[in-house]
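Listing of upload-v7.txt, compact mmCIF, C-alpha atoms
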# COMPACT_ATOMS: atom_id res chain seq x y z
CA MET A 26 92.37 103.01 86.45
CA ARG A 27 88.69 102.18 86.94
CA PHE A 28 89.30 99.47 89.53
CA ILE A 29 87.37 96.80 87.59
CA ASP A 30 88.85 95.77 84.21
CA GLU A 31 92.44 95.80 85.46
CA TYR A 32 91.55 92.99 87.83
CA ARG A 33 90.26 90.80 85.03
CA ASP A 34 93.58 90.55 83.15
CA ARG A 35 93.87 87.05 81.71
CA GLU A 36 97.67 86.91 81.66
CA ALA A 37 97.99 87.98 85.31
CA ALA A 38 95.26 85.49 86.29
CA LEU A 39 97.15 82.64 84.62
CA ARG A 40 100.37 83.70 86.35
CA TYR A 41 98.59 83.56 89.71
CA ALA A 42 97.19 80.13 88.81
CA ARG A 43 100.69 78.86 87.98
CA LEU A 44 102.05 80.22 91.26
CA ILE A 45 99.22 78.56 93.22
CA ALA A 46 99.98 75.23 91.52
CA LYS A 47 103.64 75.65 92.38
CA ILE A 48 103.15 76.12 96.14
CA THR A 49 100.37 73.52 96.57
CA THR A 50 101.65 70.17 97.87
CA ARG A 51 98.50 68.79 99.51
CA PRO A 52 94.71 68.91 99.02
CA TRP A 53 93.00 71.85 100.71
CA THR A 54 89.38 72.89 101.15
CA ILE A 55 88.73 76.61 101.24
CA MET A 56 85.42 78.40 101.68
CA GLU A 57 84.61 81.73 100.10
CA VAL A 58 82.13 83.25 102.50
CA CYS A 59 80.30 85.68 100.25
CA GLY A 60 77.82 84.74 97.55
CA GLY A 61 79.15 87.55 95.36
CA GLN A 62 82.50 85.80 95.42
CA THR A 63 80.82 82.47 94.60
CA HIS A 64 79.28 84.00 91.50
CA ALA A 65 82.57 85.54 90.38
CA ILE A 66 84.37 82.22 90.93
CA VAL A 67 81.86 80.21 88.92
CA ARG A 68 81.38 82.89 86.26
CA PHE A 69 85.09 83.40 85.58
CA GLY A 70 85.99 79.74 86.13
CA ILE A 71 88.47 80.53 88.92
CA ASP A 72 87.95 77.08 90.47
CA GLU A 73 88.94 75.47 87.16
CA LEU A 74 92.31 77.24 87.28
CA LEU A 75 93.23 75.58 90.60
CA PRO A 76 95.24 72.39 91.14
CA PRO A 77 92.95 69.33 91.36
CA GLY A 78 93.39 68.92 95.13
CA VAL A 79 92.19 72.43 95.97
CA THR A 80 88.42 72.48 96.54
CA LEU A 81 86.38 75.63 96.90
CA VAL A 82 83.19 75.31 98.91
CA HIS A 83 80.59 78.00 98.92
CA GLY A 84 79.60 79.77 102.09
CA PRO A 85 76.47 81.18 103.71
CA GLY A 86 77.08 84.74 102.48
CA CYS A 87 73.78 85.16 100.70
CA PRO A 88 71.34 87.11 102.87
CA VAL A 89 68.40 86.21 100.67
CA CYS A 90 69.27 82.53 101.06
CA VAL A 91 69.54 82.53 104.85
CA THR A 92 66.39 84.58 105.55
CA PRO A 93 64.09 82.11 107.34
CA VAL A 94 60.82 81.10 105.78
CA GLU A 95 58.82 82.68 108.63
CA LEU A 96 60.20 86.11 107.77
CA ILE A 97 59.20 85.59 104.13
CA ASP A 98 55.73 84.67 105.42
CA LYS A 99 55.67 87.84 107.54
CA ALA A 100 56.70 89.88 104.49
CA ILE A 101 53.90 88.30 102.48
CA ALA A 102 51.38 88.99 105.28
CA ILE A 103 52.39 92.66 105.56
CA ALA A 104 52.59 93.20 101.79
CA SER A 105 49.04 91.82 101.45
CA MET A 106 47.59 94.39 103.86
CA PRO A 107 45.60 97.25 102.30
CA GLY A 108 47.35 100.62 102.18
CA VAL A 109 50.84 99.13 102.36
CA ILE A 110 53.61 99.82 99.86
CA PHE A 111 56.06 96.96 100.40
CA CYS A 112 59.60 97.69 99.17
CA SER A 113 62.34 95.13 98.70
CA PHE A 114 65.49 94.36 96.81
CA GLY A 115 64.48 92.41 93.69
CA ASP A 116 66.01 89.11 94.79
CA MET A 117 63.53 88.61 97.62
CA LEU A 118 60.43 88.61 95.43
CA ARG A 119 60.69 85.04 94.17
CA VAL A 120 61.89 83.43 97.40
CA PRO A 121 59.26 80.86 98.34
CA GLY A 122 57.48 81.22 101.69
CA THR A 123 55.19 78.58 103.14
CA ARG A 124 52.57 79.55 100.58
CA GLY A 125 53.57 81.66 97.61
CA ASP A 126 56.07 84.51 97.34
CA LEU A 127 56.05 88.32 97.16
CA PHE A 128 55.54 88.18 93.40
CA SER A 129 52.27 86.33 93.95
CA VAL A 130 51.17 89.15 96.31
CA LYS A 131 51.97 91.63 93.52
CA ALA A 132 50.05 89.47 91.04
CA ARG A 133 47.01 89.59 93.35
CA GLY A 134 47.13 93.39 93.31
CA GLY A 135 49.42 94.08 96.27
CA ASP A 136 51.67 97.11 95.99
CA VAL A 137 55.09 95.42 96.05
CA ARG A 138 57.95 97.49 94.66
CA ILE A 139 61.59 96.79 93.92
CA VAL A 140 63.90 99.53 95.16
CA TYR A 141 67.62 100.01 94.61
CA SER A 142 68.30 101.55 98.03
CA PRO A 143 66.53 101.72 101.41
CA LEU A 144 66.83 105.51 101.07
CA ASP A 145 64.47 105.26 98.06
CA ALA A 146 61.89 103.68 100.38
CA VAL A 147 62.25 106.64 102.78
CA GLN A 148 61.62 109.04 99.89
CA LEU A 149 58.60 106.99 98.87
CA ALA A 150 57.21 107.31 102.42
CA ALA A 151 57.74 111.08 102.33
CA ARG A 152 55.85 111.33 99.02
CA ASN A 153 52.98 109.07 100.16
CA PRO A 154 51.98 110.27 103.65
CA ASP A 155 48.63 108.43 103.46
CA ARG A 156 50.27 105.03 102.82
CA GLU A 157 52.39 102.75 105.02
CA VAL A 158 55.78 102.15 103.42
CA VAL A 159 57.61 99.02 104.62
CA PHE A 160 61.17 98.11 103.62
CA PHE A 161 62.37 94.50 103.79
CA ALA A 162 65.78 95.04 105.40
CA VAL A 163 67.74 91.91 104.57
CA GLY A 164 71.49 91.87 104.44
CA PHE A 165 74.83 91.37 106.10
CA GLU A 166 77.04 94.00 107.69
CA THR A 167 77.62 95.58 104.27
CA THR A 168 73.98 96.69 104.04
CA ALA A 169 73.52 97.57 107.73
CA PRO A 170 74.88 101.16 107.41
CA ALA A 171 72.44 101.89 104.57
CA ASN A 172 69.51 100.54 106.59
CA ALA A 173 70.62 102.43 109.70
CA LEU A 174 70.82 105.59 107.62
CA ALA A 175 67.29 105.02 106.28
CA VAL A 176 65.92 104.79 109.84
CA LEU A 177 67.83 107.90 110.92
CA GLN A 178 66.65 109.87 107.88
CA ALA A 179 63.03 108.81 108.48
CA HIS A 180 63.45 109.81 112.14
CA GLN A 181 64.91 113.19 111.20
CA MET A 182 62.07 113.81 108.73
CA GLY A 183 59.49 112.81 111.38
CA LEU A 184 57.97 110.12 109.14
CA LYS A 185 55.32 108.05 110.91
CA ASN A 186 54.49 105.89 107.90
CA PHE A 187 57.91 104.26 107.38
CA SER A 188 58.97 100.95 108.92
CA MET A 189 61.32 98.04 108.36
CA LEU A 190 61.01 94.28 108.45
CA VAL A 191 64.49 93.56 109.76
CA ALA A 192 66.25 90.34 108.76
CA HIS A 193 69.85 91.40 109.33
CA VAL A 194 72.49 88.73 109.87
CA LEU A 195 76.14 88.83 110.92
CA VAL A 196 78.96 86.91 109.27
CA PRO A 197 81.46 85.95 112.03
CA LEU A 198 78.89 83.88 113.96
CA ALA A 199 78.02 81.92 110.82
CA MET A 200 81.71 81.18 110.21
CA GLU A 201 82.04 79.87 113.75
CA ALA A 202 78.91 77.73 113.35
CA ILE A 203 80.49 76.15 110.26
CA LEU A 204 83.79 75.53 112.05
CA GLN A 205 81.99 73.93 115.02
CA SER A 206 79.93 71.59 112.85
CA PRO A 207 81.01 67.93 113.10
CA ASN A 208 80.83 67.72 109.30
CA ASN A 209 83.08 70.72 108.78
CA ARG A 210 85.66 70.34 106.04
CA VAL A 211 86.70 73.98 105.72
CA GLN A 212 90.43 74.56 106.34
CA GLY A 213 90.70 78.18 105.25
CA PHE A 214 88.42 81.12 104.52
CA LEU A 215 88.26 83.90 102.00
CA ALA A 216 86.41 86.49 104.09
CA ALA A 217 83.89 88.81 102.47
CA GLY A 218 85.58 92.01 101.26
CA HIS A 219 82.63 94.36 101.56
CA VAL A 220 81.48 93.10 104.95
CA CYS A 221 85.03 93.83 106.13
CA THR A 222 85.02 97.21 104.38
CA VAL A 223 82.32 98.18 106.88
CA MET A 224 83.35 96.16 109.96
CA GLY A 225 87.11 95.77 109.53
CA TYR A 226 88.65 92.42 110.40
CA ARG A 227 89.61 92.61 114.07
CA GLU A 228 86.72 90.32 115.04
CA TYR A 229 88.13 87.55 112.81
CA GLU A 230 91.48 87.47 114.60
CA PRO A 231 90.21 85.42 117.60
CA ILE A 232 88.40 83.04 115.20
CA ALA A 233 91.59 82.38 113.20
CA LYS A 234 93.46 81.72 116.43
CA LYS A 235 90.82 79.60 118.17
CA TYR A 236 90.13 77.30 115.21
CA ARG A 237 93.64 77.50 113.72
CA VAL A 238 92.23 78.51 110.38
CA PRO A 239 93.70 81.10 108.01
CA ILE A 240 91.30 83.88 107.01
CA VAL A 241 92.11 86.13 104.06
CA VAL A 242 89.91 89.19 103.50
CA THR A 243 89.36 89.08 99.74
CA GLY A 244 87.81 91.19 96.99
CA PHE A 245 85.50 90.19 94.17
CA GLU A 246 87.40 90.41 90.89
CA PRO A 247 89.26 87.43 89.41
CA LEU A 248 92.71 88.70 90.41
CA ASP A 249 91.49 89.51 93.91
CA LEU A 250 90.16 85.97 94.31
CA LEU A 251 93.31 84.37 92.92
CA GLN A 252 95.56 86.48 95.13
CA GLY A 253 93.35 85.69 98.14
CA LEU A 254 93.58 81.97 97.33
CA TYR A 255 97.34 82.21 96.91
CA MET A 256 97.67 83.90 100.31
CA CYS A 257 95.37 81.38 101.98
CA ILE A 258 97.09 78.30 100.47
CA ARG A 259 100.47 79.72 101.36
CA GLN A 260 99.39 80.00 105.00
CA LEU A 261 98.01 76.45 104.92
CA GLU A 262 101.21 75.09 103.41
CA GLU A 263 103.33 76.92 105.97
CA GLY A 264 101.10 75.91 108.89
CA ARG A 265 100.13 79.50 109.71
CA TYR A 266 96.64 80.68 110.67
CA GLU A 267 96.46 84.44 110.55
CA VAL A 268 94.06 87.07 109.31
CA GLU A 269 95.49 88.68 106.17
CA ASN A 270 94.01 91.38 104.00
CA GLN A 271 94.12 91.01 100.22
CA TYR A 272 91.50 93.72 99.56
CA THR A 273 93.58 96.62 100.85
CA ARG A 274 92.17 99.11 98.36
CA SER A 275 88.85 99.03 100.22
CA VAL A 276 89.40 97.35 103.61
CA ARG A 277 91.14 98.82 106.64
CA ARG A 278 91.69 96.79 109.82
CA GLN A 279 89.34 99.00 111.83
CA GLY A 280 86.74 99.17 109.01
CA ASN A 281 84.54 102.19 108.39
CA GLU A 282 84.10 103.68 111.85
CA ALA A 283 81.50 106.27 110.83
CA ALA A 284 79.35 103.47 109.40
CA GLN A 285 79.82 101.26 112.49
CA GLN A 286 78.82 104.12 114.77
CA HIS A 287 75.53 104.54 112.90
CA ILE A 288 74.86 100.79 112.96
CA ARG A 289 75.33 100.80 116.75
CA GLU A 290 73.07 103.82 117.10
CA VAL A 291 70.13 102.13 115.36
CA PHE A 292 70.65 98.38 115.82
CA GLU A 293 71.52 95.95 118.59
CA ILE A 294 72.76 92.38 118.38
CA VAL A 295 69.98 89.80 118.64
CA PRO A 296 69.62 86.04 118.11
CA ARG A 297 68.49 85.20 114.60
CA LYS A 298 67.24 82.15 112.80
CA TRP A 299 69.10 81.21 109.60
CA ARG A 300 67.29 79.28 106.92
CA GLY A 301 68.67 75.75 106.77
CA ILE A 302 71.00 76.31 109.74
CA GLY A 303 68.70 77.17 112.65
CA GLU A 304 68.85 79.82 115.35
CA LEU A 305 72.29 81.23 116.19
CA PRO A 306 72.70 83.42 119.28
CA GLN A 307 74.02 86.94 118.65
CA SER A 308 73.96 86.40 114.91
CA GLY A 309 71.66 89.19 113.79
CA LEU A 310 70.68 92.82 114.18
CA GLY A 311 67.37 94.19 115.45
CA LEU A 312 66.17 97.75 116.03
CA ARG A 313 67.17 99.31 119.35
CA ALA A 314 64.46 100.49 121.74
CA PRO A 315 64.45 104.19 120.67
CA TYR A 316 63.74 103.09 117.08
CA ARG A 317 61.11 100.37 117.74
CA ALA A 318 58.47 102.61 116.15
CA TYR A 319 60.10 101.65 112.85
CA ASP A 320 59.78 97.91 113.52
CA ALA A 321 57.28 96.54 110.99
CA GLU A 322 56.82 93.27 112.93
CA ARG A 323 55.41 95.20 115.90
CA LYS A 324 53.56 97.76 113.81
CA PHE A 325 51.67 95.12 111.82
CA GLY A 326 51.35 92.52 114.60
CA VAL A 327 53.21 89.65 112.96
CA VAL A 328 55.85 89.11 115.69
CA ALA A 329 54.54 85.70 116.82
CA HIS A 330 54.28 84.03 113.41
CA THR A 331 56.41 80.91 113.02
CA ALA A 332 56.79 78.43 110.18
CA GLU A 333 58.56 75.19 109.49
CA GLU A 334 60.72 74.59 106.45
CA ALA A 335 59.33 71.71 104.50
CA SER A 336 60.72 70.76 101.15
CA GLU A 337 63.38 68.56 99.64
CA CYS A 338 65.67 71.61 99.38
CA ILE A 339 69.15 70.96 100.84
CA ALA A 340 69.92 74.69 101.18
CA GLY A 341 71.24 74.22 104.72
CA GLU A 342 73.97 71.85 103.58
CA VAL A 343 74.81 73.96 100.55
CA LEU A 344 75.05 77.12 102.68
CA GLN A 345 77.44 75.44 105.10
CA GLY A 346 79.67 74.12 102.36
CA ALA A 347 78.77 70.49 103.12
CA LYS A 348 77.34 69.88 99.65
CA LYS A 349 77.70 71.38 96.18
CA PRO A 350 74.51 72.45 94.38
CA THR A 351 74.98 69.68 91.80
CA GLU A 352 74.83 67.07 94.58
CA CYS A 353 71.14 67.93 95.07
CA PRO A 354 68.82 65.52 93.25
CA ALA A 355 66.40 68.37 92.47
CA PHE A 356 69.08 70.64 90.92
CA GLY A 357 68.10 71.84 87.46
CA THR A 358 65.11 69.53 87.30
CA ARG A 359 62.48 70.10 90.00
CA CYS A 360 64.38 73.21 91.15
CA THR A 361 65.17 75.97 88.66
CA PRO A 362 65.31 79.78 88.92
CA GLU A 363 61.78 79.92 87.43
CA HIS A 364 60.42 77.36 89.91
CA PRO A 365 62.78 77.38 92.89
CA LEU A 366 62.42 75.03 95.85
CA GLY A 367 64.76 77.21 97.88
CA ALA A 368 66.35 80.62 98.00
CA PRO A 369 69.90 79.67 96.77
CA MET A 370 68.35 78.99 93.36
CA VAL A 371 66.71 82.45 93.28
CA SER A 372 69.21 84.91 94.60
CA SER A 373 71.79 86.56 92.38
CA GLU A 374 74.25 85.42 95.07
CA GLY A 375 72.93 81.92 95.63
CA ALA A 376 75.34 79.08 94.87
CA CYS A 377 72.63 77.04 93.13
CA ALA A 378 71.75 79.97 90.84
CA ALA A 379 75.45 80.40 89.97
CA TYR A 380 75.81 76.71 89.01
CA TYR A 381 72.54 76.80 87.10
CA ARG A 382 73.53 79.90 85.17
CA TYR A 383 77.14 79.06 84.32
CA ARG A 384 77.59 75.31 84.73
CA ARG A 385 74.42 73.36 84.06
CA PHE A 386 75.53 72.17 80.62
CA THR A 387 79.11 71.33 81.59
CA GLU A 388 79.02 70.04 85.15
CA LYS A 389 78.16 66.36 85.61
CA GLN A 390 76.30 65.27 88.72
CA VAL A 391 79.00 64.84 91.33
CA SER A 392 78.82 61.96 93.74
CA THR A 393 79.56 62.62 97.40
CA PRO A 394 83.01 61.37 98.39
CA MET B 18 73.57 91.62 97.92
CA CYS B 19 76.98 92.69 99.19
CA LEU B 20 77.91 93.94 95.74
CA ALA B 21 79.71 97.28 95.73
CA VAL B 22 80.78 99.12 92.61
CA PRO B 23 83.62 101.63 92.31
CA GLY B 24 82.76 105.07 90.94
CA LYS B 25 84.41 108.49 90.77
CA ILE B 26 82.96 111.49 92.62
CA VAL B 27 82.43 114.31 90.13
CA ALA B 28 80.50 116.72 92.38
CA ILE B 29 79.42 117.14 95.99
CA LEU B 30 75.76 118.18 96.14
CA ASP B 31 74.91 118.34 99.84
CA GLU B 32 77.10 118.66 102.94
CA ASP B 33 74.49 117.92 105.64
CA PRO B 34 75.87 114.97 107.69
CA LEU B 35 73.02 112.47 107.21
CA THR B 36 72.22 113.45 103.63
CA ARG B 37 75.73 114.23 102.37
CA ARG B 38 75.41 113.41 98.67
CA GLY B 39 77.54 113.51 95.57
CA LYS B 40 77.31 112.83 91.87
CA VAL B 41 79.31 109.69 91.12
CA ASP B 42 80.42 108.51 87.67
CA PHE B 43 80.33 104.76 86.96
CA GLY B 44 82.15 104.41 83.64
CA GLY B 45 79.97 107.08 81.99
CA ILE B 46 76.75 106.60 83.93
CA GLN B 47 76.24 109.18 86.67
CA LYS B 48 74.17 108.61 89.78
CA GLU B 49 73.54 110.43 93.03
CA VAL B 50 75.20 108.62 95.92
CA ASN B 51 74.98 109.18 99.67
CA LEU B 52 78.39 110.10 101.12
CA ALA B 53 77.46 110.23 104.84
CA PHE B 54 79.91 107.44 105.76
CA VAL B 55 82.89 108.77 103.80
CA PRO B 56 83.15 112.30 105.24
CA GLU B 57 86.77 112.47 103.99
CA ALA B 58 85.81 111.84 100.34
CA ARG B 59 86.42 114.68 97.89
CA VAL B 60 85.75 115.33 94.20
CA GLY B 61 88.07 113.10 92.16
CA ASP B 62 88.13 110.26 94.73
CA TYR B 63 86.84 106.80 93.85
CA VAL B 64 84.33 105.34 96.29
CA MET B 65 82.89 101.83 96.66
CA VAL B 66 79.11 102.18 96.39
CA HIS B 67 76.63 99.70 97.86
CA VAL B 68 72.83 100.23 97.52
CA GLY B 69 73.31 103.92 96.83
CA ILE B 70 75.67 104.53 99.74
CA ALA B 71 79.45 104.93 99.64
CA ILE B 72 81.08 102.53 102.13
CA SER B 73 84.75 103.33 101.48
CA VAL B 74 87.17 105.54 99.59
CA VAL B 75 89.31 103.46 97.23
CA ASP B 76 92.98 103.70 98.20
CA GLU B 77 94.69 104.21 94.84
CA ALA B 78 98.16 103.33 96.10
CA GLU B 79 96.86 100.05 97.56
CA ALA B 80 94.93 99.36 94.37
CA HIS B 81 98.18 98.61 92.55
CA ARG B 82 99.34 96.14 95.16
CA VAL B 83 97.68 93.14 93.55
CA PHE B 84 100.02 93.60 90.56
CA GLU B 85 103.09 94.42 92.65
CA TYR B 86 102.46 91.38 94.83
CA LEU B 87 102.25 89.18 91.75
CA GLN B 88 105.50 90.64 90.43
CA GLN B 89 107.24 90.04 93.75
CA ILE B 90 106.15 86.47 94.32
CA ASP B 91 106.80 85.68 90.66
CA GLU B 92 110.40 86.87 91.02
CA LEU B 93 110.73 85.03 94.33
CA GLU B 94 109.55 81.78 92.78
CA GLU B 95 112.01 82.24 89.90
CA LEU B 96 114.79 82.40 92.48
CA ASN B 97 113.51 79.33 94.34
CA PRO B 98 112.72 76.61 91.82
CA PRO B 99 110.74 73.75 93.38
CA GLU B 100 112.75 70.79 94.60
CA ALA B 101 112.72 67.74 92.42
CA PRO B 102 110.17 65.19 93.68
File written out as structure tokens:
Amino acid sequence: MRFIDEYRDREAALRYARLIAKITTRPWTIMEVCGGQTHAIVRFGIDELLPPGVTLVHGPGCPVCVTPVELIDKAIAIASMPGVIFCSFGDMLRVPGTRGDLFSVKARGGDVRIVYSPLDAVQLAARNPDREVVFFAVGFETTAPANALAVLQAHQMGLKNFSMLVAHVLVPLAMEAILQSPNNRVQGFLAAGHVCTVMGYREYEPIAKKYRVPIVVTGFEPLDLLQGLYMCIRQLEEGRYEVENQYTRSVRRQGNEAAQQHIREVFEIVPRKWRGIGELPQSGLGLRAPYRAYDAERKFGVVAHTAEEASECIAGEVLQGAKKPTECPAFGTRCTPEHPLGAPMVSSEGACAAYYRYRRFTEKQVSTP
Amino acid sequence: MCLAVPGKIVAILDEDPLTRRGKVDFGGIQKEVNLAFVPEARVGDYVMVHVGIAISVVDEAEAHRVFEYLQQIDELEELNPPEAP
């Protein structure tokens, strides 16, 4: 068993699809929270296996997509400073700020580098003591332990030339914001399997209860998604609203406690602005006081910078499941992965990028019901 | 971003808490992975790896549940044919 191919078995997938059709008596709208799940759903055509009344809407679980434009502007400002090596995950480089993106900084001679892990940025700082190394720490709870570890390693090594531009966001608050929206149409959630691998799923239990919405912690392979959908639809049909765990091979109720302990050591909960959604209280992570020396915003004096989002991009509605990417008039025409108007068209987890990559020749423009 | 890939630990290279590292095999490709957050992981275990850091040990017994669950509900549905509309 390699824990990948087995979960892509066509016959088992079709059996799950038949079982879902059998138990479904009414239309249901379910949101998969994580952009990785969105891509798997669109790539493998999971949504096309479902009964016509079951609609999947795509959630805000794309950190690149929800990073506000002012943080992109801050990244661009820092990356343009002499002596800085600016490190980021590859996805962030083409996300448009107010003017330009990180790629354009690189094109102008800035030292912008794509790294695989924040720990690589720490190593880079150790090897380049005469340069300032800045890591763009975007991500959800899944990535928070890695970023906490990078800070702790830099601290242990006594590095003075390492810092982070922190853009961390937290999932449960975003789910609640969606449920509280007057336009909400989500009746059940597939929760993000790797976020829950780190955090567990205790914090979802009050949400399920308060909003009477089933939440199924779900993995990323086709059979995971189909089983998660089966479990969620079954709850909906039976009028239950519980937190269930489909992804038991990786997720425990209490999560990864060693990882959580390190997150708490380095980060504290702060309000954070989400692109297209606005500021949500207690929805992000920032560095705690003992680690403020690693805060790039303070170090490079860009704390006060603000920016307004201005474009025809409907990312906010797409990220909250109110609209599908194909309902955007700019989709595939004025907005493409090469020339994106917004982040969901850039990121490997963005819903618009998934539709562009797998559906642009088959999907007709859908009209809003 | 929240992608995590399963791989098998083939060697432990460093036991220091913050830098605990191992060599992990991803279907033939081997990479060094930080194991600080899976202190219980041993050689031979599968771990879920996200941005170079293991975030969980794969529970092999649970890994089969997706198939067992399918088998069970399939049998259950056979026993309870849907009512005629």
With the cut-off set at 6 Å and counting all atoms listed in the file, tabulate each residue of chain A with an atom at most that distance from an atom of chain B, showing the nearest atom pair and its distance in Å to one decimal, ordered by chain and increasing number, as JSON lines.
{"residue": "A:Tyr141", "atom": "CA", "partner": "B:Val68", "partner_atom": "CA", "distance": 6.0}
{"residue": "A:Ser142", "atom": "CA", "partner": "B:Val68", "partner_atom": "CA", "distance": 4.7}
{"residue": "A:Thr167", "atom": "CA", "partner": "B:Cys19", "partner_atom": "CA", "distance": 5.9}
{"residue": "A:Thr273", "atom": "CA", "partner": "B:Glu79", "partner_atom": "CA", "distance": 5.8}
{"residue": "A:Arg274", "atom": "CA", "partner": "B:Asp76", "partner_atom": "CA", "distance": 4.7}
{"residue": "A:Ser275", "atom": "CA", "partner": "B:Val75", "partner_atom": "CA", "distance": 5.4}
{"residue": "A:Ala283", "atom": "CA", "partner": "B:Phe54", "partner_atom": "CA", "distance": 5.4}
{"residue": "A:Ala284", "atom": "CA", "partner": "B:Phe54", "partner_atom": "CA", "distance": 5.4}
(request) May I ask for the distance between CA of Glu374 in chain A and CA of Arg38 in chain B, given in Å to one decimal place? (result)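 Result for CA of Glu374 in chain A versus CA of Arg38 in chain B: 28.2 Å, one decimal.
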(request) Pick out the residues sitting within 12 Å of Gly183 in chain A, and hand them over as an MDAnalysis selection string; count all atoms listed in the file, and ignore anything fewer than 6 positions along from it in its own chain. (result) chainID A and resid 147 150:151 154 176:177 318:319
(request) For CA of Gly39 in chain B and CA of Phe165 in chain A, quote the distance in Å rounded to one decimal. (result) 24.7 Å
Selection: 10 Å around range 291-306 of chain A, all atoms listed in the file, excl. self and same-chain fewer than 6 positions, as a short mmCIF file (atom, residue, chain, number, x, y, z; two decimals) with C-alpha atoms, in the frame of the given file:
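As written to disk, result_33.cif reads:
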data_model
loop_
_atom_site.label_atom_id
_atom_site.label_comp_id
_atom_site.auth_asym_id
_atom_site.auth_seq_id
_atom_site.Cartn_x
_atom_site.Cartn_y
_atom_site.Cartn_z
CA PRO A 85 76.47 81.18 103.71
CA PRO A 88 71.34 87.11 102.87
CA VAL A 89 68.40 86.21 100.67
CA CYS A 90 69.27 82.53 101.06
CA VAL A 91 69.54 82.53 104.85
CA THR A 92 66.39 84.58 105.55
CA PRO A 93 64.09 82.11 107.34
CA VAL A 94 60.82 81.10 105.78
CA GLU A 95 58.82 82.68 108.63
CA LEU A 96 60.20 86.11 107.77
CA ALA A 169 73.52 97.57 107.73
CA PRO A 170 74.88 101.16 107.41
CA ASN A 172 69.51 100.54 106.59
CA ALA A 173 70.62 102.43 109.70
CA LEU A 174 70.82 105.59 107.62
CA ALA A 175 67.29 105.02 106.28
CA VAL A 176 65.92 104.79 109.84
CA LEU A 177 67.83 107.90 110.92
CA VAL A 191 64.49 93.56 109.76
CA ALA A 192 66.25 90.34 108.76
CA HIS A 193 69.85 91.40 109.33
CA VAL A 194 72.49 88.73 109.87
CA LEU A 195 76.14 88.83 110.92
CA LEU A 198 78.89 83.88 113.96
CA ALA A 199 78.02 81.92 110.82
CA ALA A 202 78.91 77.73 113.35
CA ILE A 203 80.49 76.15 110.26
CA LEU A 312 66.17 97.75 116.03
CA ARG A 313 67.17 99.31 119.35
CA ALA A 314 64.46 100.49 121.74
CA PRO A 315 64.45 104.19 120.67
CA TYR A 316 63.74 103.09 117.08
CA ARG A 317 61.11 100.37 117.74
CA GLU A 333 58.56 75.19 109.49
CA GLU A 334 60.72 74.59 106.45
CA CYS A 338 65.67 71.61 99.38
CA ILE A 339 69.15 70.96 100.84
CA ALA A 340 69.92 74.69 101.18
CA GLY A 341 71.24 74.22 104.72
CA GLU A 342 73.97 71.85 103.58
CA VAL A 343 74.81 73.96 100.55
CA LEU A 344 75.05 77.12 102.68
CA GLN A 345 77.44 75.44 105.10
CA GLY A 367 64.76 77.21 97.88
CA ALA A 368 66.35 80.62 98.00
#
(message) Taking 5 positions as the minimum chain separation for residues in the same chain, which residues sit within 10 Å of Pro121 in chain A when counting only C-alpha atoms? Answer as number ranges by chain.
(response) A: 94, 97-98, 126-129, 364-368, 371
(request) Can you work out the spacing between CA of Cys112 in chain A and CA of Asp320 in chain A in Å, to one decimal? (result)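 About the pair CA of Cys112 in chain A and CA of Asp320 in chain A: they are 14.4 Å apart.
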(request) Name the residues in contact with range 55-63 of chain A at a cut-off of 9 Å, using all atoms listed in the file, excluding same-chain residues fewer than 4 positions from it; report them as a PyMOL selection string. (result) (chain A and resi 67-68+79-88+196+200+210-218+220+243-246+250+254+257-258+346+373-376+379) or (chain B and resi 18-20)
(request) Can you pull out every residue within 6 Å of Tyr226 in chain A, counting only C-alpha atoms, but drop anything in the same chain fewer than 3 positions away, and send it as a ChimeraX atom specification? (result) /A:221,229,278
(request) Give as an MDAnalysis selection string every residue, naming chains and numbers as the document does, that has an atom within 7 Å of (58.2, 96.6, 100.8), counting all atoms listed in the file. (result) chainID A and resid 104 110:113 137:138 158:161
(message) I need the residue nearest Ile26 in chain B from this list: B:Glu49, B:Glu95, B:Asp42, B:Glu57. Use all atoms listed in the file for the distance.
(response) B:Asp42
Rebuild range 106-111 of chain A so that it carries N, CA and C atoms, then output the result as a PDB file, in the frame of the given file.
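Wrote rebuild01.pdb, looks like this:
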ATOM      1  N   MET A 106      48.519  93.518 103.136  1.00  0.00           N
ATOM      2  CA  MET A 106      47.590  94.390 103.860  1.00  0.00           C
ATOM      3  C   MET A 106      47.240  95.625 103.013  1.00  0.00           C
ATOM      4  N   PRO A 107      45.979  96.074 103.088  1.00  0.00           N
ATOM      5  CA  PRO A 107      45.600  97.250 102.300  1.00  0.00           C
ATOM      6  C   PRO A 107      46.342  98.500 102.769  1.00  0.00           C
ATOM      7  N   GLY A 108      46.692  99.355 101.843  1.00  0.00           N
ATOM      8  CA  GLY A 108      47.350 100.620 102.180  1.00  0.00           C
ATOM      9  C   GLY A 108      48.855 100.526 102.319  1.00  0.00           C
ATOM     10  N   VAL A 109      49.395  99.307 102.190  1.00  0.00           N
ATOM     11  CA  VAL A 109      50.840  99.130 102.360  1.00  0.00           C
ATOM     12  C   VAL A 109      51.556  99.191 101.010  1.00  0.00           C
ATOM     13  N   ILE A 110      52.671  99.926 100.990  1.00  0.00           N
ATOM     14  CA  ILE A 110      53.610  99.820  99.860  1.00  0.00           C
ATOM     15  C   ILE A 110      54.796  99.036 100.398  1.00  0.00           C
ATOM     16  N   PHE A 111      54.993  97.819  99.884  1.00  0.00           N
ATOM     17  CA  PHE A 111      56.060  96.960 100.400  1.00  0.00           C
ATOM     18  C   PHE A 111      57.264  97.031  99.459  1.00  0.00           C
TER      19      PHE A 111
END
